[in-house]
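Colleague: Sharing a structure below in structure tokens format, with a few things to ask.
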Amino acid sequence: MTHPKFVSVDGEIVPYETATVHFLSPAAKYGSSVFEGIRGYWNEDKSEYFVFRLREHVCRLRESMKVMRFSEDYDENYLCRVVLDTIRANNIKADSHIRLSALLCGEGLYDVGGPVSLMCAALPGPSKTLEEKTLSVGVTSWRRIHDSAIPPRIKCGANYQNSRLGLMDVKAGGYDKVLFLTPAGNVAEGAGECIFIVRGGCLVTPSVTSGILESITRETILEIARQDLGLPIAEREMDRTEIYVAEEAFFAGTMAEICPVTSLDGIAVGSGAVGNVTSDLWSRLESLCRGTVDSRAEWRTPVYG
Ligand code: PMP
């Protein structure tokens with residue numbers, strides 16, 4: 001992977017190579033880190049780079065730090081500035097993926113809250129078309145982590161060991177991506193994506209108490225679907241077999257954007273092709289992310305203007 005020239009460490013712009021974490025740190029030993037994956041889009045006509053829903057991402061980072069009992073608390077404006085400084089330091093003018101991480105450094109055990117180090121990098125992340133992103137998905141026998149053990153609601157590095165096991169499990173079976181069920185057997189989410197289906201014209205997604213990350217893309221899509229498309233919406237428990245008989249299904253997330261799920265467990269979803277609601281939602285979402293429409297300007301932070 002090509003890497004950026006500069007990254008941010010504790011608010012300072014430094015060369016990429018110098019941003020390291022010691023192997024005895026709780027971040028390295030136990031996965032004691034929290035992070036955000038954020039996206040930025042280049043708008044050629046406006047010669048501007050927009051960060052999508054930056055404030056919502058930094059708010060969730062602070063929530064993750066609170067839940068994981070990190071001793072530090074960063075100011076929202078400071079976190080936003082760190083992201084913008086990192087992009088400007090590299091003069092990024094292409095679609096990219098930004099990682100903002102708070103890591104437990106020092107040499108403590110499981111129960112320390114600090115010292116915390118804040119690191120940020122912007123990596124290449126070109127946006128793809130829906131046709132390039134269709135997925136065959138398999139349900140894993142690994143169950144999604146539960147709030148009573150390690151909370152999926154927030155983005156802790158260690159949570160992704162669950163994602164990793166499930167994804168490797170289904171990839172060994174020939175699928176592209178994984179779908180997790182909750183310990184009770186309801187649909188939860190993917191390894192790094194939330195799930196939506198269209199059934200009887202209604203857009204359905206598991207509720208935020210279904211063992212899922214409180215996804216910012218999920219909230220964005222629900223708002224677009226409700227307000228712009230006037231679709232009926234249901235946030236509720238979802239069964240695996242509902243996906244088999246749905247008209248459409250798709251994964252959504254900051255990195256994934258929208259990926260049509262064209263089959264689950266080898267069974268075609270709907271016609272097995274990209275659905276109309278899926279493509280309508282993606283074209284609206286993309287224009288909001290890239291700023292090719294003027295509505296909801298509060299979701300876009302311009303970097304250079
Ligand atoms: N679920 C999980 C487990 C994720 O890692 C992600 C990616 N952050 C998502 C859902 C989608 O969340 P968001 O829309 O906030 O990126």
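Residues in the structure tokens are named by chain (A, B, ... in the order shown) and by number from 1 within that chain; ligands are numbered from 1 in the order shown.
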Would you tabulate, counting only C-alpha atoms, all residues of segment 178-265 of chain A that have an atom at most 12 Å from an atom of segment 88-112 of chain A, showing the closest pair of atoms and their distance in Å to one decimal, sorted by chain then ascending number, as a Markdown table?

Modeller:
| residue | atom | partner | partner_atom | distance |
| --- | --- | --- | --- | --- |
| A:Gly253 | CA | A:His97 | CA | 11.9 |
| A:Thr254 | CA | A:His97 | CA | 8.5 |
| A:Met255 | CA | A:His97 | CA | 7.1 |
| A:Ala256 | CA | A:His97 | CA | 10.6 |
| A:Glu257 | CA | A:His97 | CA | 11.2 |

Colleague: Okay, now the selection with N, CA, C and O atoms, as a PDB file, in the first residue's frame?

Modeller:
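Writing done, so here's again_4.pdb:
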ATOM      1  N   GLY A 253     -21.155   1.414   4.947  1.00  0.00           N
ATOM      2  CA  GLY A 253     -20.171   1.866   5.929  1.00  0.00           C
ATOM      3  C   GLY A 253     -19.289   2.920   5.282  1.00  0.00           C
ATOM      4  O   GLY A 253     -19.348   3.116   4.067  1.00  0.00           O
ATOM      5  N   THR A 254     -18.470   3.563   6.084  1.00  0.00           N
ATOM      6  CA  THR A 254     -17.617   4.634   5.566  1.00  0.00           C
ATOM      7  C   THR A 254     -16.663   4.100   4.500  1.00  0.00           C
ATOM      8  O   THR A 254     -16.537   4.671   3.421  1.00  0.00           O
ATOM      9  N   MET A 255     -15.980   3.025   4.807  1.00  0.00           N
ATOM     10  CA  MET A 255     -15.025   2.432   3.855  1.00  0.00           C
ATOM     11  C   MET A 255     -15.779   1.757   2.714  1.00  0.00           C
ATOM     12  O   MET A 255     -15.456   1.933   1.545  1.00  0.00           O
ATOM     13  N   ALA A 256     -16.810   0.975   3.052  1.00  0.00           N
ATOM     14  CA  ALA A 256     -17.564   0.201   2.056  1.00  0.00           C
ATOM     15  C   ALA A 256     -18.434   1.100   1.184  1.00  0.00           C
ATOM     16  O   ALA A 256     -18.787   0.717   0.074  1.00  0.00           O
ATOM     17  N   GLU A 257     -18.805   2.259   1.692  1.00  0.00           N
ATOM     18  CA  GLU A 257     -19.835   3.125   1.085  1.00  0.00           C
ATOM     19  C   GLU A 257     -21.108   2.272   0.996  1.00  0.00           C
ATOM     20  O   GLU A 257     -21.614   1.842   2.025  1.00  0.00           O
TER      21      GLU A 257
END

Colleague: Dump as a tab-separated table the rows for residues of chain A within 6 Å of ligand 1: closest atom pair and distance in Å with one decimal, only C-alpha atoms and all ligand atoms counted, ordered by chain and rising residue number.

Modeller:
residue	atom	partner	partner_atom_place_in_ligand_line	distance
A:Gly37	CA	ligand 1	8 (N)	5.8
A:Ala191	CA	ligand 1	3 (C)	5.1
A:Gly192	CA	ligand 1	4 (C)	3.3
A:Glu193	CA	ligand 1	10 (C)	3.7
A:Cys194	CA	ligand 1	10 (C)	4.4
A:Leu213	CA	ligand 1	1 (N)	4.7
A:Ser215	CA	ligand 1	15 (O)	3.5
A:Ile216	CA	ligand 1	15 (O)	3.8
A:Thr217	CA	ligand 1	14 (O)	3.5
A:Arg218	CA	ligand 1	14 (O)	5.7
A:Gly253	CA	ligand 1	11 (C)	3.6
A:Thr254	CA	ligand 1	16 (O)	3.6

Colleague: Please build the interface table for segment 114-139 of chain A against segment 258-265 of chain A with a cut-off of 7 Å, listing for each qualifying residue the nearest atom pair and the distance in Å to one decimal; count only C-alpha atoms, order rows by chain and increasing number, and write it as JSON lines.

Modeller:
{"residue": "A:Leu130", "atom": "CA", "partner": "A:Cys259", "partner_atom": "CA", "distance": 6.3}
{"residue": "A:Lys133", "atom": "CA", "partner": "A:Cys259", "partner_atom": "CA", "distance": 5.2}
{"residue": "A:Thr134", "atom": "CA", "partner": "A:Pro260", "partner_atom": "CA", "distance": 4.8}
{"residue": "A:Leu135", "atom": "CA", "partner": "A:Val261", "partner_atom": "CA", "distance": 4.8}
{"residue": "A:Ser136", "atom": "CA", "partner": "A:Ser263", "partner_atom": "CA", "distance": 4.9}
{"residue": "A:Val137", "atom": "CA", "partner": "A:Leu264", "partner_atom": "CA", "distance": 4.8}
{"residue": "A:Gly138", "atom": "CA", "partner": "A:Asp265", "partner_atom": "CA", "distance": 4.6}
{"residue": "A:Val139", "atom": "CA", "partner": "A:Asp265", "partner_atom": "CA", "distance": 6.5}

Colleague: Generate the output file for the selected residues, N, CA and C atoms, as a compact mmCIF listing (two decimals), in the first residue's frame.

Modeller:
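File produced: part12.txt:
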# COMPACT_ATOMS: atom_id res chain seq x y z
N LEU A 130 -21.05 0.81 -8.04
CA LEU A 130 -21.81 -0.27 -7.39
C LEU A 130 -21.53 -1.62 -8.05
N LYS A 133 -18.70 -3.37 -6.85
CA LYS A 133 -18.72 -3.67 -5.42
C LYS A 133 -19.75 -4.71 -5.01
N THR A 134 -20.32 -5.46 -5.98
CA THR A 134 -21.32 -6.47 -5.60
C THR A 134 -20.63 -7.58 -4.80
N LEU A 135 -21.37 -8.13 -3.85
CA LEU A 135 -20.77 -9.09 -2.92
C LEU A 135 -21.58 -10.37 -2.80
N SER A 136 -20.83 -11.49 -2.74
CA SER A 136 -21.46 -12.73 -2.29
C SER A 136 -21.07 -12.86 -0.81
N VAL A 137 -22.08 -12.95 0.03
CA VAL A 137 -21.87 -12.91 1.48
C VAL A 137 -22.26 -14.25 2.09
N GLY A 138 -21.51 -14.67 3.10
CA GLY A 138 -21.85 -15.89 3.83
C GLY A 138 -22.01 -15.60 5.32
N VAL A 139 -22.95 -16.26 5.95
CA VAL A 139 -23.11 -16.14 7.41
C VAL A 139 -22.04 -17.00 8.07

Colleague: Enumerate as an MDAnalysis selection string all residues of segment 170-290 of chain A assigned to strand (DSSP E) by DSSP on the backbone, naming them with the chain letters and numbers the document uses.

Modeller: chainID A and resid 177:181 187:190 194:199 202:205 233:235 248:253 257:264 267:268

Colleague: Would you export the selected residues with N, CA, C and O atoms as a short mmCIF file (atom, residue, chain, number, x, y, z; two decimals), in the first residue's frame, please?

Modeller:
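File result-v6.cif, as written:
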data_model
loop_
_atom_site.label_atom_id
_atom_site.label_comp_id
_atom_site.auth_asym_id
_atom_site.auth_seq_id
_atom_site.Cartn_x
_atom_site.Cartn_y
_atom_site.Cartn_z
N LYS A 177 -17.53 -11.66 1.58
CA LYS A 177 -17.68 -10.95 2.85
C LYS A 177 -18.54 -11.75 3.81
O LYS A 177 -19.24 -12.68 3.41
N VAL A 178 -18.51 -11.31 5.08
CA VAL A 178 -19.18 -12.07 6.14
C VAL A 178 -20.38 -11.33 6.71
O VAL A 178 -20.39 -10.10 6.77
N LEU A 179 -21.36 -12.09 7.14
CA LEU A 179 -22.48 -11.54 7.91
C LEU A 179 -22.52 -12.26 9.25
O LEU A 179 -22.44 -13.50 9.30
N PHE A 180 -22.61 -11.48 10.34
CA PHE A 180 -22.67 -12.04 11.69
C PHE A 180 -24.10 -12.06 12.21
O PHE A 180 -24.86 -11.10 11.99
N LEU A 181 -24.42 -13.10 12.96
CA LEU A 181 -25.66 -13.14 13.74
C LEU A 181 -25.32 -12.81 15.19
O LEU A 181 -24.18 -12.99 15.63
N VAL A 187 -29.89 -11.22 12.83
CA VAL A 187 -28.86 -10.57 12.00
C VAL A 187 -28.27 -9.38 12.77
O VAL A 187 -29.02 -8.57 13.35
N ALA A 188 -26.93 -9.30 12.76
CA ALA A 188 -26.27 -8.15 13.38
C ALA A 188 -25.70 -7.25 12.29
O ALA A 188 -26.35 -6.30 11.85
N GLU A 189 -24.50 -7.56 11.81
CA GLU A 189 -23.84 -6.72 10.81
C GLU A 189 -22.71 -7.49 10.17
O GLU A 189 -22.49 -8.65 10.47
N GLY A 190 -21.97 -6.81 9.29
CA GLY A 190 -20.80 -7.40 8.66
C GLY A 190 -19.56 -7.18 9.53
O GLY A 190 -19.65 -6.72 10.67
N CYS A 194 -22.63 -2.16 8.17
CA CYS A 194 -23.97 -2.49 8.64
C CYS A 194 -24.78 -3.03 7.45
O CYS A 194 -24.34 -2.91 6.31
N ILE A 195 -25.93 -3.63 7.74
CA ILE A 195 -26.71 -4.24 6.66
C ILE A 195 -28.11 -3.63 6.55
O ILE A 195 -28.72 -3.28 7.58
N PHE A 196 -28.57 -3.51 5.33
CA PHE A 196 -29.94 -3.07 5.03
C PHE A 196 -30.56 -4.08 4.08
O PHE A 196 -29.86 -4.63 3.22
N ILE A 197 -31.88 -4.25 4.17
CA ILE A 197 -32.62 -4.97 3.13
C ILE A 197 -33.83 -4.13 2.71
O ILE A 197 -34.27 -3.24 3.46
N VAL A 198 -34.33 -4.45 1.53
CA VAL A 198 -35.61 -3.86 1.08
C VAL A 198 -36.59 -5.02 1.01
O VAL A 198 -36.33 -6.01 0.31
N ARG A 199 -37.68 -4.91 1.79
CA ARG A 199 -38.72 -5.96 1.77
C ARG A 199 -40.07 -5.30 1.65
O ARG A 199 -40.45 -4.49 2.49
N CYS A 202 -40.11 -1.63 1.91
CA CYS A 202 -39.70 -1.00 3.18
C CYS A 202 -38.20 -1.23 3.39
O CYS A 202 -37.69 -2.33 3.13
N LEU A 203 -37.51 -0.19 3.81
CA LEU A 203 -36.07 -0.32 4.09
C LEU A 203 -35.91 -0.78 5.54
O LEU A 203 -36.35 -0.09 6.46
N VAL A 204 -35.28 -1.93 5.72
CA VAL A 204 -35.18 -2.53 7.06
C VAL A 204 -33.71 -2.69 7.43
O VAL A 204 -32.89 -3.11 6.61
N THR A 205 -33.39 -2.37 8.68
CA THR A 205 -32.02 -2.55 9.19
C THR A 205 -32.11 -2.91 10.67
O THR A 205 -33.03 -2.46 11.37
N ILE A 233 -39.48 2.95 6.73
CA ILE A 233 -38.24 2.50 7.37
C ILE A 233 -38.59 1.63 8.56
O ILE A 233 -39.53 1.94 9.28
N ALA A 234 -37.82 0.59 8.80
CA ALA A 234 -37.97 -0.17 10.06
C ALA A 234 -36.60 -0.49 10.62
O ALA A 234 -35.76 -1.06 9.92
N GLU A 235 -36.38 -0.08 11.86
CA GLU A 235 -35.17 -0.45 12.60
C GLU A 235 -35.63 -1.48 13.61
O GLU A 235 -36.31 -1.14 14.58
N GLU A 248 -33.93 -6.60 -2.17
CA GLU A 248 -32.57 -6.07 -2.29
C GLU A 248 -31.89 -6.17 -0.93
O GLU A 248 -32.56 -6.17 0.11
N ALA A 249 -30.57 -6.23 -0.95
CA ALA A 249 -29.80 -6.14 0.30
C ALA A 249 -28.50 -5.42 -0.02
O ALA A 249 -27.98 -5.53 -1.12
N PHE A 250 -28.01 -4.65 0.97
CA PHE A 250 -26.70 -4.03 0.76
C PHE A 250 -26.00 -3.80 2.09
O PHE A 250 -26.64 -3.69 3.14
N PHE A 251 -24.68 -3.81 2.01
CA PHE A 251 -23.84 -3.43 3.14
C PHE A 251 -23.57 -1.93 3.03
O PHE A 251 -23.50 -1.39 1.91
N ALA A 252 -23.35 -1.27 4.16
CA ALA A 252 -23.02 0.16 4.14
C ALA A 252 -22.04 0.49 5.24
O ALA A 252 -22.07 -0.10 6.33
N GLY A 253 -21.15 1.41 4.95
CA GLY A 253 -20.17 1.87 5.93
C GLY A 253 -19.29 2.92 5.28
O GLY A 253 -19.35 3.12 4.07
N GLU A 257 -18.80 2.26 1.69
CA GLU A 257 -19.83 3.12 1.09
C GLU A 257 -21.11 2.27 1.00
O GLU A 257 -21.61 1.84 2.03
N ILE A 258 -21.60 1.97 -0.23
CA ILE A 258 -22.72 1.04 -0.34
C ILE A 258 -22.26 -0.11 -1.24
O ILE A 258 -21.74 0.14 -2.34
N CYS A 259 -22.40 -1.34 -0.76
CA CYS A 259 -22.03 -2.52 -1.55
C CYS A 259 -23.25 -3.42 -1.67
O CYS A 259 -23.75 -3.94 -0.66
N PRO A 260 -23.74 -3.64 -2.91
CA PRO A 260 -24.90 -4.52 -3.07
C PRO A 260 -24.56 -5.95 -2.66
O PRO A 260 -23.53 -6.48 -3.08
N VAL A 261 -25.40 -6.54 -1.81
CA VAL A 261 -25.25 -7.96 -1.45
C VAL A 261 -26.14 -8.72 -2.42
O VAL A 261 -27.37 -8.69 -2.31
N THR A 262 -25.51 -9.37 -3.39
CA THR A 262 -26.31 -10.01 -4.44
C THR A 262 -26.61 -11.47 -4.13
O THR A 262 -27.47 -12.07 -4.77
N SER A 263 -25.90 -12.03 -3.15
CA SER A 263 -26.29 -13.37 -2.68
C SER A 263 -25.88 -13.54 -1.22
O SER A 263 -24.91 -12.93 -0.76
N LEU A 264 -26.67 -14.36 -0.51
CA LEU A 264 -26.33 -14.72 0.87
C LEU A 264 -26.35 -16.24 0.98
O LEU A 264 -27.34 -16.88 0.59
N ILE A 267 -27.47 -18.10 -1.99
CA ILE A 267 -28.85 -17.90 -2.48
C ILE A 267 -28.95 -16.47 -3.03
O ILE A 267 -28.60 -15.51 -2.32
N ALA A 268 -29.43 -16.32 -4.26
CA ALA A 268 -29.53 -14.98 -4.86
C ALA A 268 -30.50 -14.12 -4.06
O ALA A 268 -31.57 -14.58 -3.65
#

Colleague: Contacts between segment 286-294 of chain A and segment 103-204 of chain A, please, where a residue of segment 103-204 of chain A counts if it comes within 12 Å (with only C-alpha atoms); show its shortest atom pair and distance in Å to one decimal, rows by chain and ascending number, as JSON lines.

Modeller:
{"residue": "A:Ser127", "atom": "CA", "partner": "A:Glu286", "partner_atom": "CA", "distance": 9.2}
{"residue": "A:Lys128", "atom": "CA", "partner": "A:Glu286", "partner_atom": "CA", "distance": 10.5}
{"residue": "A:Thr129", "atom": "CA", "partner": "A:Glu286", "partner_atom": "CA", "distance": 10.3}
{"residue": "A:Leu130", "atom": "CA", "partner": "A:Glu286", "partner_atom": "CA", "distance": 11.1}

Colleague: What's around segment 67-74 of chain A at 7 Å? Count only C-alpha atoms, leave out sequence neighbours fewer than 6 positions away in its own chain, and write the answer as a list in words.

Modeller: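 Counting only the stated atoms, we get Gly113, Gly114 and Val116 of chain A.
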
Colleague: Quick one: everything within 7 Å of Glu237 of chain A, counting only C-alpha atoms, minus sequence neighbours fewer than 3 positions away in the same chain. Send it as an MDAnalysis selection string.

Modeller: chainID A and resid 186 206:207 210

Colleague: Could you check which of A:Ser141, A:Leu123, A:Asp147, A:Gly305 is closest to Leu167 of chain A, using only C-alpha atoms?

Modeller: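 The shortest atom-to-atom distance to Leu167 of chain A comes from A:Ser141.
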